[in-house]
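First the structure, in the form of structure tokens, and then the observations on it.
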Amino acid sequence: MKKVILLSLLPFTAMAASTSIKGIGNYQDWDLVCDNTGTCRMAGYQDESSDPVSILFTRAAGENAAVEGKFTILPFGEADRDVQVGQDIEIWLNGKSLGTVKHISDDAPDKLTEEQTKALLSGLKKESEIRLTYGKTTLKVSDKGAAAAMLKMDEFQQRLNTPSALIRQGQEKHAVLAPKVEPKIDAVSVKNRKTIELKLGEKQYDNVLALLRKAHDGCVDEDLESQDITIYPLTHNKVLAEALCFKGAYQSTNYYAVLDDKLSNVEQVLAEQYNEAGYDEKQGYAFVRGSYKGRALGDCWAGQEAVWNGKIFIRTSEWTTGSCKGLPGGTWQLPIFVSNVIVK
């Protein structure tokens with residue numbers, strides 16, 4: 001019997017709860033997420049008593065990498081409070097104006113200038129008040145946790161005590177973290193993409209369900225046996241089976257497994273982390289995806305994706321939208337793992 005491969009990914013909510021995970025953490029009202037290329041993203045939000053607003057600072061690895069700043073504002077749905085396209089938003093630090101940023105589009109964040117970015121980062125090293133104003137609206141970005149997040153970013157990118165550090169600058173000449181190239185992940189195009197449904201109560205359904213249960217016992221039995229099992233053809237005489245694993249109040253997760261095309265042996269288990277499978281419309285490769293709310297409001301999400309490489313499903317991306325701060329759909333797309341998919 002071939003060895004079963006269990007692909008398990010720790011959800012971001014669990015990772016963010018512990019600052020022991022290198023490059024990922026939550027620091028009061030600030031998040032830090034660094035991806036596998038060495039790029040770090042630091043997001044700050046309002047405190048609990050203020051209206052939703054967020055600033056994001058992004059810095060790639062490498063000694064001379066600059067920090068880019070941008071911000072996003074939650075629409076209020078009120079004409080006198082919503083920022084309008086073309087309207088100027090003024091940035092304030094400790095009562096001093098840093099100038100304005102013109103709101104270009106409701107579909108994209110607004111970019112801070114290089115001078116505004118540097119001033120805000122300098123101010124956030126200590127207790128500071130950051131305000132964004134337009135019309136009669138004033139929004140406040142919390143400073144709580146910003147210095148700790150900056151310190152962790154410097155530590156991850158190996159900048160501590162060097163001239164390029166954000167918060168603990170020095171004159172040490174040691175090398176900082178070099179930027180890494182996105183790993184290349186092979187994916188195989190699937191020619192036969194016609195799925196098959198194994199119906200509840202049929203003998204073949206019962207046989208496959210027994211195999212799935214034997215390979216992984218973490219699903220809820222009532223959910224696992226409540227729906228048909230979908231079979232997705234792959235390549236190299238393999239298929240992907242899809243069954244419901246757990247159904248909650250506002251989201252569900254599926255149980256996926258790679259089997260031989262005779263449906264007699266489970267060769268890879270992908271359970272409790274994905275809730276969608278399919279084929280890429282343009283290039284035809286098979287994928288599994290998972291996207292999950294942090295809470296029912298849907299203001300924070302985490303997700304991942306894997307593709308079929310001819311032998312197994314291999315991770316190609318993992319991301320989070322940051323803390324649950326009241327912005328529908330989540331505030332930012334913060335990559336944890338990125339890759340370059342090469343289709344064969």
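Letters A, B, ... mark the chains of the structure tokens in the order given; residue numbers begin at 1 per chain; ligand numbers begin at 1, in order shown.
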Going by DSSP on the backbone, which residues of stretch 83-319 of chain A come out as helix (DSSP H, G or I)? List them as an NGL selection string. :A and (114-123 or 146-156 or 203-215 or 221-224)
Contacts of A:Cys34 at 8 Å (only C-alpha atoms; same-chain gap of 5+ positions) as a PyMOL selection string: chain A and resi 23-24+39-41+153+156+335-336
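Residues surrounding stretch 42-49 of chain A within 6 Å are Asp29, Trp30, Asp31, Leu32, Val53, Ser54, Ile55, Leu56, Phe57, Lys140, Val141 and Ser142 of chain A [only C-alpha atoms; sequence separation below 4 positions excluded].
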Keeping only N, CA, C and O atoms, take the residues you just selected and write them out as a short mmCIF file (atom, residue, chain, number, x, y, z; two decimals), in the first residue's frame.
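Saved the output as again.cif:
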data_model
loop_
_atom_site.label_atom_id
_atom_site.label_comp_id
_atom_site.auth_asym_id
_atom_site.auth_seq_id
_atom_site.Cartn_x
_atom_site.Cartn_y
_atom_site.Cartn_z
N ASP A 29 -3.22 46.80 18.16
CA ASP A 29 -3.99 47.23 16.98
C ASP A 29 -3.20 47.14 15.68
O ASP A 29 -3.59 47.75 14.67
N TRP A 30 -2.11 46.40 15.69
CA TRP A 30 -1.28 46.25 14.48
C TRP A 30 -1.00 44.78 14.20
O TRP A 30 -0.81 43.99 15.12
N ASP A 31 -1.00 44.43 12.91
CA ASP A 31 -0.62 43.09 12.45
C ASP A 31 0.70 43.16 11.70
O ASP A 31 1.00 44.16 11.04
N LEU A 32 1.45 42.08 11.76
CA LEU A 32 2.64 41.92 10.91
C LEU A 32 2.56 40.58 10.22
O LEU A 32 2.38 39.54 10.87
N VAL A 53 -10.71 52.21 9.83
CA VAL A 53 -9.71 52.79 8.94
C VAL A 53 -8.44 51.98 9.12
O VAL A 53 -8.21 51.39 10.18
N SER A 54 -7.61 51.91 8.11
CA SER A 54 -6.38 51.13 8.23
C SER A 54 -5.27 51.70 7.36
O SER A 54 -5.52 52.17 6.26
N ILE A 55 -4.05 51.62 7.90
CA ILE A 55 -2.84 51.99 7.16
C ILE A 55 -1.99 50.73 6.99
O ILE A 55 -1.87 49.92 7.91
N LEU A 56 -1.42 50.57 5.80
CA LEU A 56 -0.56 49.42 5.51
C LEU A 56 0.80 49.90 5.07
O LEU A 56 0.93 50.72 4.15
N PHE A 57 1.85 49.38 5.72
CA PHE A 57 3.23 49.63 5.31
C PHE A 57 3.81 48.32 4.77
O PHE A 57 3.71 47.28 5.42
N LYS A 140 -9.25 58.04 13.18
CA LYS A 140 -8.02 57.90 13.95
C LYS A 140 -7.45 56.50 13.79
O LYS A 140 -8.18 55.51 13.90
N VAL A 141 -6.14 56.44 13.54
CA VAL A 141 -5.43 55.17 13.46
C VAL A 141 -4.68 54.98 14.78
O VAL A 141 -3.94 55.87 15.21
N SER A 142 -4.87 53.84 15.40
CA SER A 142 -4.24 53.58 16.69
C SER A 142 -2.73 53.45 16.56
O SER A 142 -2.22 52.91 15.57
#
Within 12 Å of stretch 233-255 of chain A, which residues of stretch 96-193 of chain A come that close, and what is the closest atom pair and distance in Å for each? Count only C-alpha atoms and give it as a tab-separated table.
residue	atom	partner	partner_atom	distance
A:Ala187	CA	A:Thr235	CA	10.9
A:Val188	CA	A:Thr235	CA	7.8
A:Ser189	CA	A:Thr235	CA	8.2
A:Val190	CA	A:Leu234	CA	5.9
A:Lys191	CA	A:Thr235	CA	8.2
A:Asn192	CA	A:Pro233	CA	6.4
A:Arg193	CA	A:Pro233	CA	6.0
Residues near A:Glu172, cut-off 8 Å, only C-alpha atoms, skip fewer than 4 positions along chain, as JSON, numbers by chain: {"A": [161, 162, 163]}
Selected residues written out with C-alpha atoms, as a CSV table (one decimal), in the first residue's frame:
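Output file selection28.csv is given in full below:
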chain,number,residue,atom,x,y,z
A,161,ASN,CA,21.2,47.7,14.7
A,162,THR,CA,21.8,48.4,11.0
A,163,PRO,CA,21.3,51.7,9.2
If we count only C-alpha atoms and set the cut-off at 12 Å, which residues sit around A:Glu114, ignoring sequence neighbours fewer than 5 positions away in its own chain? Please answer as a count of residues only. 12
Tell me, as a list in words, which residues lie within 10 Å of A:Gly278, counting only C-alpha atoms; anything in the same chain fewer than 2 positions away does not count. Arg193, Thr195, Tyr232, Leu240, Glu276, Asp280, Glu281, Gly284, Tyr285, Ala286, Phe287, Val288, Arg289 and Val307 of chain A
Keeping all heavy atoms for every residue in the selection just given, could you write it to a file as a CSV table (one decimal), in the first residue's frame?
chain,number,residue,atom,x,y,z
A,193,ARG,N,-12.1,16.8,-17.8
A,193,ARG,CA,-12.5,17.6,-16.7
A,193,ARG,C,-14.0,17.4,-16.3
A,193,ARG,O,-14.6,18.2,-15.8
A,193,ARG,CB,-12.2,19.1,-16.9
A,193,ARG,CG,-10.7,19.3,-17.1
A,193,ARG,CD,-10.4,20.8,-17.0
A,193,ARG,NE,-10.8,21.6,-18.1
A,193,ARG,CZ,-10.0,21.7,-19.2
A,193,ARG,NH1,-8.8,21.2,-19.3
A,193,ARG,NH2,-10.5,22.5,-20.2
A,195,THR,N,-16.7,15.8,-14.2
A,195,THR,CA,-16.8,15.3,-12.8
A,195,THR,C,-17.9,14.2,-12.8
A,195,THR,O,-18.8,14.1,-13.6
A,195,THR,CB,-17.2,16.4,-11.8
A,195,THR,OG1,-18.4,17.0,-12.1
A,195,THR,CG2,-16.1,17.4,-11.7
A,232,TYR,N,-13.4,14.3,-9.2
A,232,TYR,CA,-12.7,15.1,-10.2
A,232,TYR,C,-11.6,14.3,-10.9
A,232,TYR,O,-10.7,13.9,-10.2
A,232,TYR,CB,-12.1,16.4,-9.6
A,232,TYR,CG,-13.1,17.3,-8.9
A,232,TYR,CD1,-13.6,17.1,-7.6
A,232,TYR,CD2,-13.6,18.4,-9.6
A,232,TYR,CE1,-14.5,18.0,-7.0
A,232,TYR,CE2,-14.5,19.3,-9.0
A,232,TYR,CZ,-14.9,19.1,-7.7
A,232,TYR,OH,-15.8,19.9,-7.1
A,240,LEU,N,-9.6,13.0,-7.7
A,240,LEU,CA,-9.8,13.8,-6.5
A,240,LEU,C,-11.2,13.6,-6.0
A,240,LEU,O,-12.2,13.8,-6.7
A,240,LEU,CB,-9.5,15.3,-6.7
A,240,LEU,CG,-9.8,16.2,-5.4
A,240,LEU,CD1,-8.7,15.9,-4.4
A,240,LEU,CD2,-9.8,17.6,-5.9
A,276,GLU,N,-13.3,24.4,-1.7
A,276,GLU,CA,-13.6,24.5,-3.2
A,276,GLU,C,-12.6,23.7,-4.0
A,276,GLU,O,-11.4,23.7,-3.7
A,276,GLU,CB,-13.6,26.0,-3.6
A,276,GLU,CG,-13.9,26.2,-5.0
A,276,GLU,CD,-13.7,27.7,-5.5
A,276,GLU,OE1,-13.3,28.5,-4.6
A,276,GLU,OE2,-13.8,27.9,-6.7
A,280,ASP,N,-8.7,25.3,-13.5
A,280,ASP,CA,-8.5,26.7,-14.0
A,280,ASP,C,-9.1,26.8,-15.4
A,280,ASP,O,-8.8,26.0,-16.2
A,280,ASP,CB,-6.9,27.0,-14.0
A,280,ASP,CG,-6.6,28.4,-14.5
A,280,ASP,OD1,-6.7,29.3,-13.7
A,280,ASP,OD2,-6.3,28.5,-15.7
A,281,GLU,N,-9.9,27.9,-15.6
A,281,GLU,CA,-10.6,28.1,-16.8
A,281,GLU,C,-9.7,28.2,-18.0
A,281,GLU,O,-10.0,27.8,-19.1
A,281,GLU,CB,-11.5,29.3,-16.7
A,281,GLU,CG,-12.7,29.1,-15.7
A,281,GLU,CD,-13.6,30.3,-15.7
A,281,GLU,OE1,-13.3,31.3,-16.4
A,281,GLU,OE2,-14.6,30.3,-14.9
A,284,GLY,N,-6.5,24.9,-17.3
A,284,GLY,CA,-6.9,23.5,-17.2
A,284,GLY,C,-6.4,22.7,-16.0
A,284,GLY,O,-6.7,21.6,-15.9
A,285,TYR,N,-5.5,23.3,-15.2
A,285,TYR,CA,-5.0,22.5,-14.1
A,285,TYR,C,-6.0,22.4,-12.9
A,285,TYR,O,-6.9,23.3,-12.8
A,285,TYR,CB,-3.7,23.1,-13.6
A,285,TYR,CG,-3.7,24.5,-13.1
A,285,TYR,CD1,-4.2,24.8,-11.8
A,285,TYR,CD2,-3.4,25.6,-13.9
A,285,TYR,CE1,-4.2,26.1,-11.3
A,285,TYR,CE2,-3.4,26.9,-13.4
A,285,TYR,CZ,-3.9,27.2,-12.1
A,285,TYR,OH,-3.9,28.4,-11.7
A,286,ALA,N,-5.9,21.4,-12.1
A,286,ALA,CA,-6.8,21.2,-11.0
A,286,ALA,C,-6.3,21.9,-9.8
A,286,ALA,O,-5.1,22.0,-9.5
A,286,ALA,CB,-7.0,19.7,-10.7
A,287,PHE,N,-7.3,22.4,-9.0
A,287,PHE,CA,-6.9,23.2,-7.8
A,287,PHE,C,-7.9,22.8,-6.7
A,287,PHE,O,-9.0,22.4,-6.9
A,287,PHE,CB,-6.9,24.7,-8.0
A,287,PHE,CG,-8.2,25.3,-8.4
A,287,PHE,CD1,-9.2,25.5,-7.4
A,287,PHE,CD2,-8.6,25.5,-9.7
A,287,PHE,CE1,-10.4,26.0,-7.7
A,287,PHE,CE2,-9.8,26.1,-10.0
A,287,PHE,CZ,-10.7,26.3,-9.0
A,288,VAL,N,-7.4,23.1,-5.5
A,288,VAL,CA,-8.3,23.1,-4.3
A,288,VAL,C,-8.0,24.4,-3.6
A,288,VAL,O,-6.9,24.9,-3.5
A,288,VAL,CB,-8.1,21.9,-3.3
A,288,VAL,CG1,-8.6,20.6,-3.9
A,288,VAL,CG2,-6.6,21.8,-3.0
A,289,ARG,N,-9.1,25.0,-3.1
A,289,ARG,CA,-9.0,26.3,-2.4
A,289,ARG,C,-9.7,26.3,-1.1
A,289,ARG,O,-10.8,25.6,-1.0
A,289,ARG,CB,-9.5,27.5,-3.3
A,289,ARG,CG,-8.7,27.8,-4.5
A,289,ARG,CD,-9.5,28.8,-5.4
A,289,ARG,NE,-8.8,29.0,-6.7
A,289,ARG,CZ,-9.4,29.5,-7.7
A,289,ARG,NH1,-10.7,29.8,-7.7
A,289,ARG,NH2,-8.7,29.7,-8.8
A,307,VAL,N,-2.3,23.1,-6.0
A,307,VAL,CA,-2.6,22.7,-7.4
A,307,VAL,C,-2.0,21.3,-7.5
A,307,VAL,O,-1.1,20.8,-6.8
A,307,VAL,CB,-2.0,23.6,-8.4
A,307,VAL,CG1,-2.5,25.0,-8.3
A,307,VAL,CG2,-0.4,23.7,-8.3
I'd like the interatomic distance between atom CA of A:His103 and atom CA of A:Asp82, to a tenth of an Å.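 Taking atom CA of A:His103 as the start and atom CA of A:Asp82 as the end point, the length is 11.1 Å.
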So that each row is one residue of stretch 221-333 of chain A with an atom at most 12 Å from stretch 178-184 of chain A, can you give its shortest atom pair and the distance in Å to one decimal, using only C-alpha atoms, rows by chain and rising number, as CSV?
residue,atom,partner,partner_atom,distance
A:Asn309,CA,A:Lys184,CA,11.4
A:Ile314,CA,A:Lys184,CA,11.2
A:Arg315,CA,A:Pro183,CA,10.8
A:Thr316,CA,A:Pro183,CA,8.8
A:Ser317,CA,A:Glu182,CA,10.6
